[in-house]
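So this block is entry-v8.cif, mmCIF, C-alpha atoms:
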data_input
#
loop_
_atom_site.label_atom_id
_atom_site.label_comp_id
_atom_site.auth_asym_id
_atom_site.auth_seq_id
_atom_site.Cartn_x
_atom_site.Cartn_y
_atom_site.Cartn_z
CA MET A 1 0.00 0.00 0.00
CA THR A 2 2.80 2.45 0.89
CA LEU A 3 4.47 1.80 -2.44
CA ASN A 4 1.21 2.56 -4.25
CA MET A 5 0.71 5.82 -2.35
CA ASN A 6 4.25 6.98 -3.10
CA SER A 7 3.77 6.13 -6.74
CA ARG A 8 0.49 8.03 -6.78
CA ASN A 9 2.08 11.07 -5.09
CA LYS A 10 4.89 11.08 -7.64
CA THR A 11 2.36 10.90 -10.45
CA ILE A 12 0.39 13.85 -9.01
CA ALA A 13 3.58 15.86 -8.54
CA CYS A 14 4.61 15.16 -12.12
CA LEU A 15 1.21 16.20 -13.50
CA TRP A 16 1.28 19.37 -11.38
CA SER A 17 4.71 20.28 -12.74
CA LEU A 18 3.51 19.76 -16.29
CA ALA A 19 0.45 21.92 -15.64
CA LEU A 20 2.59 24.73 -14.27
CA ALA A 21 4.93 24.54 -17.25
CA GLY A 22 1.98 25.09 -19.60
CA THR A 23 0.53 27.98 -17.62
CA PRO A 24 1.10 31.49 -19.08
CA ALA A 25 3.84 33.42 -17.28
CA VAL A 26 2.83 35.64 -14.37
CA TYR A 27 4.24 39.11 -15.00
CA ALA A 28 5.59 40.12 -11.62
CA GLN A 29 8.81 41.50 -10.17
CA THR A 30 10.12 38.17 -8.81
CA PRO A 31 13.85 38.12 -9.72
CA ARG A 32 15.29 35.32 -11.86
CA SER A 33 12.14 33.20 -11.77
CA PRO A 34 11.77 30.70 -14.61
CA VAL A 35 8.03 31.42 -14.69
CA ALA A 36 7.75 35.17 -14.01
CA PRO A 37 10.00 37.26 -16.32
CA THR A 38 11.81 40.33 -15.04
CA VAL A 39 13.51 43.18 -16.90
CA ALA A 40 16.73 44.99 -16.03
CA CYS A 41 18.09 48.20 -17.55
CA SER A 42 21.76 49.15 -17.80
CA LEU A 43 23.89 51.62 -19.72
CA LEU A 44 26.64 50.55 -22.10
CA PHE A 45 29.55 52.96 -21.90
CA ASP A 46 31.82 54.11 -24.70
CA ASP A 47 33.37 56.69 -22.36
CA PRO A 48 34.84 55.29 -19.11
CA ALA A 49 34.65 58.75 -17.51
CA ALA A 50 30.86 58.52 -17.62
CA GLN A 51 30.98 55.69 -15.09
CA SER A 52 32.11 57.97 -12.25
CA GLY A 53 28.85 57.33 -10.39
CA PRO A 54 25.21 58.40 -10.32
CA PRO A 55 23.99 60.44 -11.93
CA ILE A 56 25.70 59.13 -15.06
CA LYS A 57 26.85 62.06 -17.18
CA ILE A 58 26.29 62.05 -20.94
CA SER A 59 27.07 64.74 -23.52
CA ASN A 60 24.10 66.30 -25.30
CA LEU A 61 25.77 65.30 -28.57
CA LYS A 62 26.01 61.58 -27.82
CA ARG A 63 23.44 58.84 -27.96
CA VAL A 64 22.76 56.86 -24.81
CA PHE A 65 23.43 53.15 -25.26
CA VAL A 66 21.10 51.01 -23.19
CA ARG A 67 20.87 47.27 -22.67
CA ALA A 68 17.50 45.83 -21.68
CA THR A 69 17.89 42.36 -20.20
CA LEU A 70 14.92 40.00 -20.01
CA VAL A 71 15.29 37.26 -17.40
CA GLY A 72 13.09 34.15 -17.32
CA LEU A 73 11.22 35.03 -20.50
CA GLN A 74 9.55 31.93 -21.89
CA ASN A 75 8.86 33.28 -25.36
CA SER A 76 11.58 33.51 -27.99
CA LEU A 77 13.38 36.86 -28.15
CA ASP A 78 12.40 37.03 -31.83
CA SER A 79 8.79 37.61 -30.73
CA VAL A 80 9.73 40.75 -28.79
CA ARG A 81 9.82 44.06 -30.65
CA LEU A 82 11.15 47.46 -29.71
CA ALA A 83 8.18 49.76 -29.19
CA ASN A 84 7.67 52.75 -31.44
CA PRO A 85 5.41 55.29 -29.66
CA THR A 86 4.53 57.01 -32.96
CA ALA A 87 3.68 53.85 -34.89
CA SER A 88 0.11 53.17 -35.95
CA GLY A 89 -1.62 49.82 -36.10
CA ARG A 90 0.38 48.32 -33.25
CA ASP A 91 -0.49 44.70 -32.52
CA ALA A 92 -1.57 44.64 -28.87
CA ALA A 93 -0.77 40.94 -28.61
CA GLN A 94 2.85 41.48 -29.71
CA PRO A 95 5.27 41.56 -26.75
CA MET A 96 7.01 44.94 -26.65
CA LEU A 97 10.14 46.34 -25.10
CA ASP A 98 10.29 50.06 -24.40
CA VAL A 99 12.75 52.55 -22.91
CA VAL A 100 10.98 55.05 -20.67
CA VAL A 101 12.62 58.40 -19.88
CA ARG A 102 11.25 60.89 -17.37
CA ARG A 103 12.60 64.32 -16.48
CA THR A 104 13.26 64.41 -12.74
CA THR A 105 12.66 68.15 -12.43
CA ASP A 106 9.12 67.69 -13.73
CA SER A 107 6.83 67.49 -10.71
CA GLY A 108 4.64 64.94 -12.48
CA HIS A 109 7.61 62.90 -13.70
CA ARG A 110 5.96 62.76 -17.08
CA ARG A 111 7.54 60.79 -19.86
CA VAL A 112 9.56 62.77 -22.42
CA GLU A 113 9.98 62.18 -26.14
CA THR A 114 12.67 59.69 -27.13
CA ARG A 115 14.08 58.04 -30.21
CA ALA A 116 15.17 54.43 -29.81
CA ILE A 117 17.01 52.29 -32.37
CA GLU A 118 17.79 48.63 -31.85
CA THR A 119 21.53 48.03 -32.35
CA GLY A 120 21.80 44.37 -31.38
CA ARG A 121 20.35 41.44 -29.49
CA GLY A 122 21.60 38.21 -28.00
CA SER A 123 21.26 35.71 -25.21
CA ARG A 124 23.06 34.15 -22.28
CA PRO A 125 21.96 31.20 -20.13
CA GLY A 126 18.61 32.19 -18.61
CA GLU A 127 18.76 35.71 -20.10
CA GLN A 128 18.01 37.51 -23.34
CA TYR A 129 18.95 41.10 -24.10
CA ILE A 130 18.35 43.89 -26.60
CA ASP A 131 20.81 46.78 -27.09
CA ILE A 132 19.34 50.18 -27.90
CA ALA A 133 20.74 53.55 -29.04
CA LEU A 134 18.65 56.18 -27.28
CA GLU A 135 18.15 59.88 -27.99
CA ILE A 136 16.30 62.46 -25.89
CA PRO A 137 15.78 65.01 -28.66
CA ILE A 138 15.32 68.72 -28.17
CA ASP A 139 11.95 70.25 -29.00
CA HIS A 140 10.94 69.81 -32.64
CA ALA A 141 10.29 73.54 -33.14
CA ALA A 142 13.73 74.43 -31.76
CA ARG A 143 15.35 71.77 -33.95
CA ARG A 144 13.68 73.12 -37.09
CA ALA A 145 14.61 76.71 -36.20
CA ASN A 146 18.26 75.66 -35.82
CA ILE A 147 18.18 73.95 -39.22
CA GLU A 148 16.61 77.02 -40.84
CA ARG A 149 19.32 79.26 -39.39
CA TYR A 150 22.04 76.87 -40.54
CA LEU A 151 20.71 76.85 -44.10
CA ASP A 152 20.65 80.65 -44.07
CA TRP A 153 24.26 80.69 -42.83
CA ILE A 154 25.36 78.28 -45.57
CA GLY A 155 23.69 80.55 -48.12
CA GLN A 156 25.65 83.55 -46.84
CA GLU A 157 28.93 81.64 -46.80
CA SER A 158 28.29 80.33 -50.31
CA ALA A 159 27.75 83.86 -51.56
CA LYS A 160 31.09 84.96 -50.06
CA VAL A 161 32.99 82.38 -52.13
CA GLY A 162 30.95 82.82 -55.29
CA LYS A 163 28.91 79.61 -55.02
CA SER A 164 25.44 81.05 -54.69
CA ASN A 165 24.20 79.19 -57.78
CA GLN A 166 25.34 75.83 -56.45
CA PHE A 167 23.68 76.52 -53.11
CA SER A 168 20.45 77.57 -54.80
CA ARG A 169 20.31 74.33 -56.77
CA LEU A 170 20.89 72.25 -53.65
CA THR A 171 18.22 74.06 -51.67
CA ARG A 172 15.66 74.69 -54.41
CA ASP A 173 13.31 72.42 -52.47
CA ARG A 174 13.84 73.92 -49.03
CA GLU A 175 11.56 71.45 -47.25
CA ALA A 176 13.53 68.54 -48.70
CA ALA A 177 16.75 70.18 -47.50
CA ILE A 178 15.28 70.62 -44.02
CA ALA A 179 14.13 66.98 -44.00
CA THR A 180 17.68 65.86 -44.87
CA PHE A 181 19.13 67.71 -41.90
CA GLU A 182 16.31 66.44 -39.68
CA ARG A 183 17.55 62.91 -40.33
CA LEU A 184 21.10 63.93 -39.43
CA TYR A 185 20.24 66.04 -36.41
CA MET A 186 21.24 64.56 -33.05
CA GLU A 187 21.10 66.79 -29.99
CA ASN A 188 19.73 65.67 -26.65
CA SER A 189 17.82 67.85 -24.23
CA ILE A 190 19.96 68.83 -21.27
CA GLY A 191 18.90 68.13 -17.69
CA ASP A 192 18.40 65.31 -15.20
CA PHE A 193 16.46 62.21 -16.23
CA GLU A 194 15.40 58.79 -15.00
CA VAL A 195 15.70 55.90 -17.46
CA SER A 196 13.98 52.53 -17.12
CA CYS A 197 13.18 49.61 -19.42
CA ALA A 198 9.63 48.26 -19.69
CA TYR A 199 8.37 44.95 -21.04
CA SER A 200 4.70 44.60 -21.93
CA ALA A 201 2.71 41.58 -23.12
CA GLN A 202 -0.90 40.60 -23.52
CA VAL A 203 -2.20 38.46 -20.65
CA GLY A 204 -5.79 37.44 -21.29
CA LEU A 205 -7.79 40.59 -22.04
CA SER A 206 -5.35 43.01 -20.39
CA THR A 207 -1.78 44.13 -20.92
CA ALA A 208 0.76 43.41 -18.19
CA VAL A 209 3.75 45.74 -17.91
CA ILE A 210 7.00 45.14 -16.03
CA GLU A 211 9.29 48.14 -15.53
CA SER A 212 12.85 47.91 -14.27
CA ALA A 213 13.61 49.41 -10.88
CA PRO A 214 15.22 51.46 -9.56
CA PRO A 215 15.52 53.78 -12.58
CA LEU A 216 18.93 54.81 -13.88
CA LYS A 217 19.94 58.37 -13.04
CA LEU A 218 21.14 60.26 -16.10
CA GLN A 219 22.47 63.81 -16.38
CA VAL A 220 22.78 65.26 -19.88
CA PHE A 221 25.24 68.16 -19.96
CA PHE A 222 25.75 70.77 -22.66
CA GLU A 223 28.83 70.22 -24.81
CA SER A 224 27.88 72.12 -27.95
CA SER A 225 25.02 72.84 -30.30
CA PHE A 226 24.66 70.36 -33.15
CA PHE A 227 25.68 72.76 -35.94
CA ASP A 228 28.56 74.21 -33.92
CA GLN A 229 30.47 70.97 -34.35
CA ARG A 230 33.57 71.14 -36.55
CA THR A 231 31.90 68.88 -39.15
CA PHE A 232 29.45 71.64 -40.08
CA ARG A 233 31.84 74.60 -40.03
#

Please re-express this file's structure in structure tokens.
Amino acid sequence: MTLNMNSRNKTIACLWSLALAGTPAVYAQTPRSPVAPTVACSLLFDDPAAQSGPPIKISNLKRVFVRATLVGLQNSLDSVRLANPTASGRDAAQPMLDVVVRRTTDSGHRRVETRAIETGRGSRPGEQYIDIALEIPIDHAARRANIERYLDWIGQESAKVGKSNQFSRLTRDREAAIATFERLYMENSIGDFEVSCAYSAQVGLSTAVIESAPPLKLQVFFESSFFDQRTFR
């Protein structure tokens, strides 16, 4: 009888383990759980001086390189996409990874505009990660005004060296010229920010979101205006 009971208990335990393995993941903050995924956020440094301690200091002319690490994620990394806040027609069921930036001097700690570009992805035992180049762009109106002034300056400099005709041909479509510089323009807002990574996925009829904590402290300092760089002078 004892042998039969032990065998029965083992069978029940085995079935229970199989049931748990097939249950959708619970999106909580339990660290390194094989069932409940967690997300961590770290900065990748190309300048060792930036690692002097919090807040981490970054030039307003450099992108911020972030690594979002997903721990205990059951789905394949290929199913996770970097979120694009301006995209339309987003699939709510598609797992998303996002980088959230908030200005610390804002009393409401509201999220600020960012640009995020995936630069790489990979995996380690029990972990999967996505590397991201992050920008915290200055206000769109200010950016356009700077481009307009730069085009005017180029026009004046071209006239001084007798190349007005060439400049006129290049900027005949002024909006196209502005759009070209918009794609090149990279200048972060200065100030103090908090950076965190967020993973969201559809669970039943609702969306569960996990955000890394505590947030990274980031201080963007002024080095130069975009068009004051030697490349453009």

Quick one: residues within 8 Å of (14.6, 59.5, -24.8) (file frame), counting all atoms listed in the file, please, as an NGL selection string. :A and (99-101 or 112-116 or 134-137)

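One distance worth recording is that between atom CA of Ala68 of chain A and atom CA of Ala198 of chain A, which is 8.5 Å.
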
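Contact shell of Arg174 of chain A at 12 Å (only C-alpha atoms; same-chain neighbours under 2 positions omitted): Arg144, Ile147, Glu148, Leu151, Asp152, Gly155, Phe167, Ser168, Arg169, Leu170, Thr171, Arg172, Ala176, Ala177, Ile178, Ala179, Thr180 and Phe181 of chain A.
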
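In this structure, atom CA of Pro125 of chain A sits 15.0 Å away from atom CA of Val39 of chain A.
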
Point out the residue among A:Phe232, A:Ser212, A:Val71, A:Ile190 with the least atom-to-atom distance to Ile154 of chain A, counting all atoms listed in the file. A:Phe232

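For the choices A:Ile210, A:Ser200, A:Leu184, A:Leu44, the atom-to-atom distance to Gln94 of chain A is smallest for A:Ser200 when using only C-alpha atoms.
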
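If you look at atom CA of Glu127 of chain A and atom CA of Ala213 of chain A, they are 17.3 Å away from each other.
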
Any chance you could work out the residue set of the PyMOL selection byres ((chain A and resi 195) around 8) here, as an MDAnalysis selection string? chainID A and resid 99:102 193:194 196:197 215:218

Requested write-out: C-alpha atoms of the selected residues, as a JSON list (two decimals), keeping the file's coordinate frame:
[["chain", "number", "residue", "atom", "x", "y", "z"],
["A", 99, "VAL", "CA", 12.75, 52.55, -22.91],
["A", 100, "VAL", "CA", 10.98, 55.05, -20.67],
["A", 101, "VAL", "CA", 12.62, 58.40, -19.88],
["A", 102, "ARG", "CA", 11.25, 60.89, -17.37],
["A", 193, "PHE", "CA", 16.46, 62.21, -16.23],
["A", 194, "GLU", "CA", 15.40, 58.79, -15.00],
["A", 196, "SER", "CA", 13.98, 52.53, -17.12],
["A", 197, "CYS", "CA", 13.18, 49.61, -19.42],
["A", 215, "PRO", "CA", 15.52, 53.78, -12.58],
["A", 216, "LEU", "CA", 18.93, 54.81, -13.88],
["A", 217, "LYS", "CA", 19.94, 58.37, -13.04],
["A", 218, "LEU", "CA", 21.14, 60.26, -16.10]]

I'd like the neighbourhood of Met186 of chain A as a VMD selection string, where a residue qualifies if any of its atoms comes within 12 Å (using all atoms listed in the file), though same-chain residues fewer than 2 positions away should be ignored. chain A and resid 59 to 64 114 to 115 133 to 140 143 146 to 147 181 to 184 188 to 189 224 to 227 229

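Counting only C-alpha atoms, the residue from A:Val161, A:Val220, A:Ala201, A:Ile56 that sits nearest to Met96 of chain A is A:Ala201.
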